>>> print(open('work_4.cif').read())   # mmCIF, C-alpha atoms and all ligand atoms
data_run
#
loop_
_atom_site.label_atom_id
_atom_site.label_comp_id
_atom_site.auth_asym_id
_atom_site.auth_seq_id
_atom_site.Cartn_x
_atom_site.Cartn_y
_atom_site.Cartn_z
CA MET T 121 62.38 80.98 113.50
CA THR T 122 58.76 81.92 114.10
CA ARG T 123 58.10 84.39 116.87
CA LEU T 124 56.67 83.02 120.13
CA LYS T 125 53.03 83.89 120.66
CA LEU T 126 52.68 85.38 124.13
CA SER T 127 49.65 85.82 126.32
CA ILE T 128 49.05 86.70 129.94
CA VAL T 129 46.40 85.71 132.46
CA LEU T 130 43.66 88.24 133.07
CA SER T 131 40.63 87.80 135.29
CA THR T 132 37.26 89.09 134.15
CA HIS T 133 36.32 89.68 137.81
CA GLN T 134 38.13 90.28 141.08
CA ALA T 135 39.72 87.04 142.26
CA GLY T 136 41.81 85.83 145.16
CA PHE T 137 44.27 83.75 143.16
CA SER T 138 47.58 85.59 143.47
CA ALA T 139 49.18 84.27 140.27
CA VAL T 140 46.69 86.24 138.19
CA ALA T 141 48.86 88.95 136.72
CA PHE T 142 46.27 91.67 136.35
CA ARG T 143 43.06 91.96 138.29
CA GLY T 144 40.02 94.16 138.06
CA ASP T 145 39.39 97.06 135.70
CA PHE T 146 39.22 94.90 132.62
CA GLU T 147 39.44 97.45 129.83
CA LYS T 148 42.33 99.38 131.33
CA ASN T 149 44.27 96.13 131.69
CA VAL T 150 43.49 94.98 128.18
CA ALA T 151 44.86 98.26 126.83
CA LYS T 152 48.02 97.88 128.93
CA ILE T 153 48.56 94.27 127.84
CA ALA T 154 48.20 95.23 124.18
CA ALA T 155 50.58 98.18 124.59
CA LEU T 156 53.20 95.89 126.12
CA GLY T 157 53.13 93.77 122.95
CA TYR T 158 51.30 90.63 124.09
CA ASP T 159 49.38 88.73 121.42
CA GLY T 160 46.61 87.41 123.63
CA VAL T 161 44.97 87.22 127.03
CA GLU T 162 44.15 84.04 128.87
CA LEU T 163 40.84 84.77 130.55
CA ALA T 164 40.14 83.48 134.05
CA ILE T 165 36.35 83.18 134.19
CA ARG T 166 34.58 81.90 137.28
CA ASP T 167 31.21 81.54 135.60
CA PRO T 168 30.55 82.29 131.92
CA ALA T 169 27.01 83.34 132.86
CA LEU T 170 28.57 86.41 134.47
CA VAL T 171 30.32 87.67 131.35
CA ASP T 172 29.11 88.98 128.02
CA GLY T 173 31.27 86.92 125.66
CA LYS T 174 30.40 88.93 122.55
CA GLN T 175 31.31 92.20 124.20
CA LEU T 176 34.52 90.73 125.62
CA LEU T 177 35.64 89.49 122.23
CA ALA T 178 34.71 92.77 120.54
CA GLU T 179 36.82 94.67 123.07
CA LEU T 180 39.77 92.31 122.70
CA THR T 181 39.56 92.40 118.91
CA ARG T 182 39.78 96.19 119.06
CA TYR T 183 43.17 95.73 120.71
CA HIS T 184 44.15 92.88 118.32
CA LEU T 185 44.27 90.43 121.21
CA THR T 186 43.25 86.78 120.96
CA VAL T 187 42.02 84.42 123.71
CA PRO T 188 44.11 81.23 123.60
CA ALA T 189 42.70 79.74 126.81
CA ILE T 190 40.04 80.05 129.48
CA GLY T 191 40.96 79.35 133.10
CA THR T 192 38.25 77.78 135.25
CA GLY T 193 39.92 77.52 138.67
CA GLN T 194 37.98 80.35 140.30
CA ALA T 195 34.94 78.06 140.44
CA TRP T 196 36.98 75.88 142.79
CA GLY T 197 38.60 78.72 144.72
CA GLU T 198 35.44 80.75 145.23
CA GLU T 199 32.58 78.25 145.00
CA GLY T 200 34.24 74.97 145.96
CA LEU T 201 33.15 73.18 142.78
CA SER T 202 35.15 70.09 141.87
CA PHE T 203 34.98 66.86 139.87
CA THR T 204 35.99 64.87 142.96
CA ASP T 205 33.83 66.22 145.76
CA PRO T 206 32.05 63.50 147.78
CA ASP T 207 28.76 65.37 147.16
CA GLU T 208 27.33 64.33 143.81
CA HIS T 209 25.58 67.70 143.36
CA VAL T 210 28.90 69.49 143.63
CA ARG T 211 30.49 67.13 141.08
CA ARG T 212 27.55 67.62 138.71
CA ALA T 213 27.77 71.40 139.10
CA ALA T 214 31.49 71.32 138.28
CA ILE T 215 30.84 69.31 135.12
CA GLN T 216 28.00 71.63 134.15
CA ARG T 217 30.26 74.64 134.68
CA VAL T 218 32.78 73.27 132.17
CA ARG T 219 29.97 72.52 129.72
CA ASP T 220 28.82 76.14 130.16
CA HIS T 221 32.27 77.36 129.08
CA VAL T 222 32.06 75.55 125.72
CA PRO T 223 30.09 78.10 123.62
CA PHE T 224 32.39 81.02 124.46
CA ALA T 225 35.49 78.85 124.12
CA ALA T 226 34.32 77.85 120.64
CA GLN T 227 33.69 81.47 119.68
CA ALA T 228 37.06 82.58 121.00
CA GLY T 229 39.00 79.59 119.67
CA ALA T 230 40.22 78.94 123.22
CA VAL T 231 41.11 75.76 125.09
CA ILE T 232 39.32 75.21 128.39
CA ILE T 233 41.75 74.67 131.25
CA ILE T 234 41.05 72.01 133.84
CA GLY T 235 43.28 72.99 136.73
CA LEU T 236 42.09 73.00 140.32
CA LEU T 237 38.50 72.37 139.23
CA ARG T 238 39.41 68.68 139.29
CA GLY T 239 39.64 69.01 143.08
CA ILE T 240 41.69 67.16 145.66
CA VAL T 241 41.19 63.81 147.36
CA LYS T 242 38.84 64.83 150.19
CA PRO T 243 38.89 63.17 153.64
CA GLY T 244 36.92 59.91 153.61
CA VAL T 245 37.37 59.42 149.85
CA SER T 246 39.93 56.94 148.50
CA HIS T 247 42.35 58.05 145.80
CA GLN T 248 40.94 55.35 143.55
CA ARG T 249 37.36 56.62 144.01
CA ALA T 250 38.38 60.24 143.36
CA TYR T 251 40.35 59.21 140.28
CA ALA T 252 37.35 57.30 138.89
CA TRP T 253 35.13 60.39 139.36
CA LEU T 254 37.78 62.46 137.62
CA VAL T 255 37.91 60.10 134.61
CA GLU T 256 34.10 60.09 134.38
CA ALA T 257 33.88 63.89 134.58
CA LEU T 258 36.55 64.40 131.92
CA ARG T 259 34.82 61.95 129.58
CA ASP T 260 31.59 63.88 129.99
CA CYS T 261 33.22 67.29 129.48
CA ALA T 262 35.33 66.15 126.51
CA ALA T 263 32.25 64.67 124.82
CA ALA T 264 30.33 67.91 125.37
CA ALA T 265 33.20 70.00 123.97
CA ARG T 266 34.03 67.88 120.93
CA PRO T 267 31.06 68.82 118.68
CA ALA T 268 32.01 72.48 119.12
CA GLY T 269 35.63 71.73 118.21
CA VAL T 270 36.77 72.72 121.70
CA ARG T 271 39.77 71.12 123.43
CA LEU T 272 40.38 70.66 127.14
CA ALA T 273 43.79 71.08 128.76
CA LEU T 274 44.38 69.27 132.04
CA GLU T 275 47.12 70.87 134.13
CA PRO T 276 49.44 68.77 136.30
CA ILE T 277 49.64 70.83 139.50
CA ASN T 278 52.24 70.54 142.26
CA ARG T 279 51.68 68.45 145.39
CA TYR T 280 51.08 71.43 147.68
CA GLU T 281 47.91 72.39 145.78
CA THR T 282 46.35 69.03 144.88
CA THR T 283 46.78 65.32 145.48
CA LEU T 284 45.40 64.40 142.05
CA VAL T 285 47.70 64.51 139.02
CA ASN T 286 50.91 66.26 140.02
CA THR T 287 53.21 65.13 137.20
CA VAL T 288 53.24 65.01 133.43
CA ALA T 289 53.43 61.20 133.54
CA GLN T 290 50.27 61.09 135.67
CA GLY T 291 48.60 63.53 133.28
CA LEU T 292 49.44 61.34 130.29
CA GLN T 293 48.12 58.27 132.12
CA LEU T 294 44.88 60.11 132.86
CA ILE T 295 44.51 61.09 129.20
CA ALA T 296 44.96 57.44 128.23
CA ASP T 297 42.36 56.39 130.82
CA VAL T 298 39.83 58.97 129.60
CA GLY T 299 40.40 58.11 125.93
CA ALA T 300 39.32 61.41 124.36
CA ASP T 301 41.29 63.00 121.52
CA ASN T 302 40.30 66.54 122.55
CA LEU T 303 41.88 66.16 125.99
CA GLY T 304 45.50 67.24 126.36
CA LEU T 305 47.80 68.86 128.88
CA LEU T 306 48.54 72.34 130.07
CA LEU T 307 52.15 72.39 131.25
CA ASP T 308 53.19 75.02 133.79
CA THR T 309 56.90 75.64 134.39
CA PHE T 310 56.30 76.54 138.06
CA HIS T 311 54.68 73.17 138.79
CA MET T 312 57.16 71.27 136.60
CA ASN T 313 60.09 72.82 138.46
CA ILE T 314 58.73 71.22 141.64
CA GLU T 315 57.57 67.85 140.29
CA GLU T 316 59.54 66.85 137.18
CA PRO T 317 63.06 65.33 137.36
CA ARG T 318 63.94 67.21 134.15
CA ILE T 319 61.50 69.73 132.74
CA GLU T 320 62.76 69.30 129.16
CA ASP T 321 62.34 65.50 129.25
CA SER T 322 58.75 65.86 130.47
CA ILE T 323 57.98 68.35 127.71
CA ARG T 324 59.31 65.86 125.15
CA ALA T 325 57.23 63.06 126.73
CA ALA T 326 54.05 65.16 126.52
CA GLY T 327 54.81 66.04 122.88
CA GLU T 328 51.69 66.55 120.78
CA ARG T 329 49.48 66.37 123.87
CA ILE T 330 50.63 69.82 124.93
CA PHE T 331 47.57 71.98 124.34
CA HIS T 332 48.65 75.03 126.34
CA PHE T 333 51.70 76.31 128.24
CA HIS T 334 52.08 78.46 131.39
CA VAL T 335 55.28 80.25 132.30
CA ALA T 336 56.38 81.45 135.71
CA ASP T 337 59.86 81.21 137.17
CA SER T 338 60.92 78.91 140.02
CA ASN T 339 59.73 81.46 142.61
CA ARG T 340 56.50 82.07 140.66
CA TRP T 341 57.69 85.53 139.73
CA TYR T 342 57.89 86.57 136.05
CA PRO T 343 60.24 84.50 133.81
CA GLY T 344 63.78 85.73 134.32
CA ALA T 345 63.30 86.38 138.05
CA GLY T 346 64.23 82.87 139.20
CA HIS T 347 66.47 79.99 138.18
CA ILE T 348 64.53 78.11 135.46
CA ASP T 349 66.53 77.83 132.21
CA PHE T 350 63.85 79.16 129.86
CA ALA T 351 66.08 79.08 126.77
CA SER T 352 66.41 75.31 127.19
CA VAL T 353 62.76 74.78 128.23
CA LEU T 354 61.35 76.73 125.29
CA ALA T 355 63.74 75.01 122.88
CA ALA T 356 62.37 71.65 124.06
CA LEU T 357 58.83 72.96 123.62
CA ARG T 358 59.53 74.09 120.05
CA GLU T 359 61.03 70.67 119.25
CA THR T 360 57.66 69.06 120.01
CA GLY T 361 56.13 71.12 117.18
CA TYR T 362 54.06 73.21 119.62
CA THR T 363 52.67 76.29 117.88
CA GLY T 364 50.37 77.51 120.64
CA TYR T 365 50.76 80.30 123.15
CA ILE T 366 53.22 80.79 125.98
CA SER T 367 51.02 82.24 128.67
CA GLY T 368 52.34 84.23 131.61
CA GLU T 369 50.81 83.13 134.89
CA PHE T 370 52.89 84.59 137.71
CA MET T 371 52.49 86.60 140.88
CA PRO T 372 52.05 90.36 140.52
CA MET T 373 55.49 90.98 142.04
CA PRO T 374 56.96 93.48 142.67
CA ASP T 375 53.73 94.78 141.08
CA ALA T 376 51.54 93.59 138.21
CA ASP T 377 52.74 96.16 135.65
CA THR T 378 56.43 95.54 136.29
CA ALA T 379 55.95 91.76 136.17
CA ALA T 380 54.08 91.90 132.86
CA ARG T 381 56.68 94.23 131.35
CA GLN T 382 59.68 92.24 132.58
CA ALA T 383 58.18 88.94 131.42
CA ILE T 384 57.69 90.01 127.82
CA ALA T 385 61.02 91.82 127.68
CA TYR T 386 62.78 88.66 128.84
CA LEU T 387 60.79 86.15 126.76
CA ARG T 388 61.34 88.18 123.59
CA THR T 389 65.10 87.76 124.04
CA LEU T 390 64.79 83.97 123.76
C1 LIG W 1 46.51 77.36 137.51
O1 LIG W 1 46.88 77.40 136.17
C2 LIG W 1 47.64 76.96 138.36
O2 LIG W 1 48.75 76.86 137.91
C3 LIG W 1 47.37 76.64 139.76
O3 LIG W 1 48.57 76.65 140.49
C4 LIG W 1 46.37 77.54 140.42
O4 LIG W 1 46.48 77.47 141.79
MN MN W 2 49.18 77.21 135.77
#
>>> encode(input="work_4.cif", output="structure tokens")
Amino acid sequence: MTRLKLSIVLSTHQAGFSAVAFRGDFEKNVAKIAALGYDGVELAIRDPALVDGKQLLAELTRYHLTVPAIGTGQAWGEEGLSFTDPDEHVRRAAIQRVRDHVPFAAQAGAVIIIGLLRGIVKPGVSHQRAYAWLVEALRDCAAAARPAGVRLALEPINRYETTLVNTVAQGLQLIADVGADNLGLLLDTFHMNIEEPRIEDSIRAAGERIFHFHVADSNRWYPGAGHIDFASVLAALRETGYTGYISGEFMPMPDADTAARQAIAYLRTL
């Protein structure tokens, strides 16, 4: 059996999001991640204008690390950008931000993650209206990414974080409504453990539309620290023919180094 390709989330700047495994001090963390045996880093980038993509890639290449995915959620968390804000300027800025990620994503060979950047249904906005904005925005972003060969991965996120697209079934419906072949799903075991009746069945349903995969245990600690059956979940993922990365996105508990070490030690046993 081929070895799982493992990556871990790393932010290029300080960020508030607690599931980011390593924060700050980029080079030191890259060295640590490589030494632990990870194959890649998933970069959380608030604004690509703030990073030197060439330099980033050169540094990662030195450590033989790839970049399977780029996380965009900090633009929501720190700037309030979203595809579904009632203010058209905010929606436009969110779309532009995804377009801005395309050149570096193409260079890195990374998928662009659409997580919380899609937003939530804001007060005074109907679900239908928000959903229509979301479809429009994804069409725009997918069309901008396609010529560069870049794919977008929409992440179903649990009900406590968003009211738009919580389940895999809703994600697949959205993909059908958008109608773009470079739009797929990012599945996250933490969210699936809350929303899906059976995680393995949802993985099978998503099949070839799985463009990226996040792992955290039921308590959002590193895999192995909670009660998700990762042997069964990853077997279902393999059955779909998925050859991408398994990316660790969990809380830095009890501390970031221990979590990163425990995660890879556990996942390598599967
Ligand atoms: C991002 O990948 C994610 O899983 C969200 O829960 C961020 O809040
Ligand atoms: Mn996630």
>>> residues_around(input="work_4.cif", residues="T:Glu147", least_positions_apart="4", cutoff="12 Å", atoms="all atoms listed in the file", output="PDB file with C-alpha atoms, keeping the file's coordinate frame")
ATOM      1  CA  LEU T 130      43.660  88.240 133.070  1.00  0.00           C
ATOM      2  CA  SER T 131      40.630  87.800 135.290  1.00  0.00           C
ATOM      3  CA  THR T 132      37.260  89.090 134.150  1.00  0.00           C
ATOM      4  CA  HIS T 133      36.320  89.680 137.810  1.00  0.00           C
ATOM      5  CA  PHE T 142      46.270  91.670 136.350  1.00  0.00           C
ATOM      6  CA  ARG T 143      43.060  91.960 138.290  1.00  0.00           C
ATOM      7  CA  ALA T 151      44.860  98.260 126.830  1.00  0.00           C
ATOM      8  CA  LYS T 152      48.020  97.880 128.930  1.00  0.00           C
ATOM      9  CA  ILE T 153      48.560  94.270 127.840  1.00  0.00           C
ATOM     10  CA  ALA T 154      48.200  95.230 124.180  1.00  0.00           C
ATOM     11  CA  VAL T 161      44.970  87.220 127.030  1.00  0.00           C
ATOM     12  CA  GLN T 175      31.310  92.200 124.200  1.00  0.00           C
ATOM     13  CA  LEU T 176      34.520  90.730 125.620  1.00  0.00           C
ATOM     14  CA  LEU T 177      35.640  89.490 122.230  1.00  0.00           C
ATOM     15  CA  ALA T 178      34.710  92.770 120.540  1.00  0.00           C
ATOM     16  CA  GLU T 179      36.820  94.670 123.070  1.00  0.00           C
ATOM     17  CA  LEU T 180      39.770  92.310 122.700  1.00  0.00           C
ATOM     18  CA  ARG T 182      39.780  96.190 119.060  1.00  0.00           C
ATOM     19  CA  TYR T 183      43.170  95.730 120.710  1.00  0.00           C
TER      20      TYR T 183
END
>>> closest_atom_pairs(input="work_4.cif", of="chain T", to="ligand MN 2 (chain W)", cutoff="12 Å", atoms="all atoms listed in the file", output="CSV")
residue,atom,partner,partner_atom,distance
T:Ile128,CA,W:MN2,MN,11.1
T:Val129,CA,W:MN2,MN,9.5
T:Phe137,CA,W:MN2,MN,11.0
T:Ser138,CA,W:MN2,MN,11.5
T:Ala139,CA,W:MN2,MN,8.4
T:Val140,CA,W:MN2,MN,9.7
T:Ala141,CA,W:MN2,MN,11.8
T:Glu162,CA,W:MN2,MN,10.9
T:Ala164,CA,W:MN2,MN,11.1
T:Ala189,CA,W:MN2,MN,11.3
T:Ile190,CA,W:MN2,MN,11.5
T:Gly191,CA,W:MN2,MN,8.9
T:Thr192,CA,W:MN2,MN,11.0
T:Gly193,CA,W:MN2,MN,9.7
T:Ile233,CA,W:MN2,MN,9.1
T:Ile234,CA,W:MN2,MN,9.8
T:Gly235,CA,W:MN2,MN,7.3
T:Leu236,CA,W:MN2,MN,9.4
T:Ala273,CA,W:MN2,MN,10.8
T:Leu274,CA,W:MN2,MN,10.0
T:Glu275,CA,W:MN2,MN,6.9
T:Pro276,CA,W:MN2,MN,8.5
T:Ile277,CA,W:MN2,MN,7.4
T:Asn278,CA,W:MN2,MN,9.8
T:Glu281,CA,W:MN2,MN,11.2
T:Asn286,CA,W:MN2,MN,11.9
T:Leu305,CA,W:MN2,MN,10.9
T:Leu306,CA,W:MN2,MN,7.5
T:Leu307,CA,W:MN2,MN,7.2
T:Asp308,CA,W:MN2,MN,5.0
T:Thr309,CA,W:MN2,MN,8.0
T:Phe310,CA,W:MN2,MN,7.5
T:His311,CA,W:MN2,MN,7.5
T:Met312,CA,W:MN2,MN,10.0
T:His332,CA,W:MN2,MN,9.7
T:Phe333,CA,W:MN2,MN,8.0
T:His334,CA,W:MN2,MN,5.4
T:Val335,CA,W:MN2,MN,7.6
T:Ala336,CA,W:MN2,MN,8.4
T:Asp337,CA,W:MN2,MN,11.5
T:Arg340,CA,W:MN2,MN,10.1
T:Ile366,CA,W:MN2,MN,11.2
T:Ser367,CA,W:MN2,MN,8.9
T:Gly368,CA,W:MN2,MN,8.8
T:Glu369,CA,W:MN2,MN,6.2
T:Phe370,CA,W:MN2,MN,8.5
T:Met371,CA,W:MN2,MN,11.2
>>> closest_residue(input="work_4.cif", among="T:Ile232, T:Val288, T:Ile215, T:Ala325", to="T:Val255", atoms="only C-alpha atoms")
T:Ile215
>>> residues_around(input="work_4.cif", residues="T:Val298", least_positions_apart="6", cutoff="12 Å", atoms="all atoms listed in the file", output="PyMOL selection string")
chain T and resi 251-263+272+274+291-292+304
>>> closest_residue(input="work_4.cif", among="T:Arg388, T:His221, T:Arg358, T:Arg279", to="ligand LIG 1 (chain W)", atoms="all atoms listed in the file")
T:Arg279
>>> closest_residue(input="work_4.cif", among="T:Gly239, T:Gly157, T:Gly229, T:Gly269", to="ligand LIG 1 (chain W)", atoms="all atoms listed in the file")
T:Gly239
>>> atom_distance(input="work_4.cif", atom1="atom CA of T:Thr282", atom2="atom CA of T:Gly244")
15.8 Å
>>> atom_distance(input="work_4.cif", atom1="atom CA of T:Ile323", atom2="atom CA of T:Glu359")
9.3 Å
>>> atom_distance(input="work_4.cif", atom1="atom CA of T:Gln227", atom2="atom CA of T:Val285")
29.3 Å
>>> axis_aligned_box(input="work_4.cif", around="ligand LIG 1 (chain W)", padding_each_side="5 Å", output="JSON")
{"center_x": 47.6, "center_y": 77.1, "center_z": 139.0, "size_x": 12.4, "size_y": 10.9, "size_z": 15.6}
>>> residues_near_point(input="work_4.cif", point="(53.6, 93.7, 134.2)", cutoff="9 Å", atoms="only C-alpha atoms", output="PyMOL selection string")
chain T and resi 141-142+152-153+156+342+372-373+375-384
>>> build_atoms(input="work_4.cif", residues="stretch 257-268 of chain T", atoms="all heavy atoms", output="compact mmCIF listing (two decimals), in the coordinates of the input")
# COMPACT_ATOMS: atom_id res chain seq x y z
N ALA T 257 34.17 62.47 134.83
CA ALA T 257 33.88 63.89 134.58
C ALA T 257 34.57 64.36 133.30
O ALA T 257 33.97 65.07 132.48
CB ALA T 257 34.34 64.73 135.77
N LEU T 258 35.82 63.96 133.12
CA LEU T 258 36.55 64.40 131.92
C LEU T 258 35.96 63.80 130.66
O LEU T 258 35.92 64.45 129.61
CB LEU T 258 38.04 64.05 132.06
CG LEU T 258 38.81 64.92 133.06
CD1 LEU T 258 40.21 64.38 133.29
CD2 LEU T 258 38.88 66.38 132.59
N ARG T 259 35.49 62.56 130.75
CA ARG T 259 34.82 61.95 129.58
C ARG T 259 33.59 62.75 129.20
O ARG T 259 33.35 63.06 128.04
CB ARG T 259 34.41 60.51 129.90
CG ARG T 259 35.54 59.54 129.75
CD ARG T 259 35.07 58.09 129.79
NE ARG T 259 36.25 57.24 129.85
CZ ARG T 259 36.40 56.18 130.62
NH1 ARG T 259 35.40 55.77 131.40
NH2 ARG T 259 37.51 55.50 130.62
N ASP T 260 32.82 63.10 130.20
CA ASP T 260 31.59 63.88 129.99
C ASP T 260 31.92 65.24 129.36
O ASP T 260 31.34 65.62 128.34
CB ASP T 260 30.90 64.04 131.36
CG ASP T 260 29.54 64.71 131.23
OD1 ASP T 260 29.44 65.68 130.49
OD2 ASP T 260 28.59 64.25 131.90
N CYS T 261 32.87 65.95 129.96
CA CYS T 261 33.22 67.29 129.48
C CYS T 261 33.83 67.23 128.07
O CYS T 261 33.52 68.07 127.22
CB CYS T 261 34.21 67.97 130.42
SG CYS T 261 33.51 68.32 132.04
N ALA T 262 34.69 66.26 127.83
CA ALA T 262 35.33 66.15 126.51
C ALA T 262 34.28 65.85 125.45
O ALA T 262 34.31 66.40 124.34
CB ALA T 262 36.40 65.07 126.53
N ALA T 263 33.31 65.00 125.78
CA ALA T 263 32.25 64.67 124.82
C ALA T 263 31.38 65.89 124.55
O ALA T 263 30.95 66.11 123.41
CB ALA T 263 31.40 63.52 125.36
N ALA T 264 31.14 66.70 125.57
CA ALA T 264 30.33 67.91 125.37
C ALA T 264 31.07 68.96 124.55
O ALA T 264 30.46 69.74 123.83
CB ALA T 264 29.95 68.50 126.74
N ALA T 265 32.40 68.99 124.66
CA ALA T 265 33.20 70.00 123.97
C ALA T 265 33.50 69.63 122.51
O ALA T 265 33.65 70.50 121.66
CB ALA T 265 34.51 70.23 124.72
N ARG T 266 33.58 68.34 122.24
CA ARG T 266 34.03 67.88 120.93
C ARG T 266 33.20 68.40 119.76
O ARG T 266 33.76 68.88 118.76
CB ARG T 266 34.12 66.35 120.87
CG ARG T 266 34.77 65.88 119.56
CD ARG T 266 34.82 64.38 119.39
NE ARG T 266 35.73 63.75 120.32
CZ ARG T 266 35.38 63.04 121.38
NH1 ARG T 266 34.09 62.87 121.66
NH2 ARG T 266 36.27 62.48 122.14
N PRO T 267 31.85 68.34 119.83
CA PRO T 267 31.06 68.82 118.68
C PRO T 267 31.32 70.28 118.36
O PRO T 267 31.15 70.71 117.21
CB PRO T 267 29.60 68.62 119.12
CG PRO T 267 29.66 67.64 120.25
CD PRO T 267 31.00 67.82 120.90
N ALA T 268 31.73 71.05 119.35
CA ALA T 268 32.01 72.48 119.12
C ALA T 268 33.47 72.69 118.70
O ALA T 268 33.91 73.82 118.50
CB ALA T 268 31.71 73.27 120.39
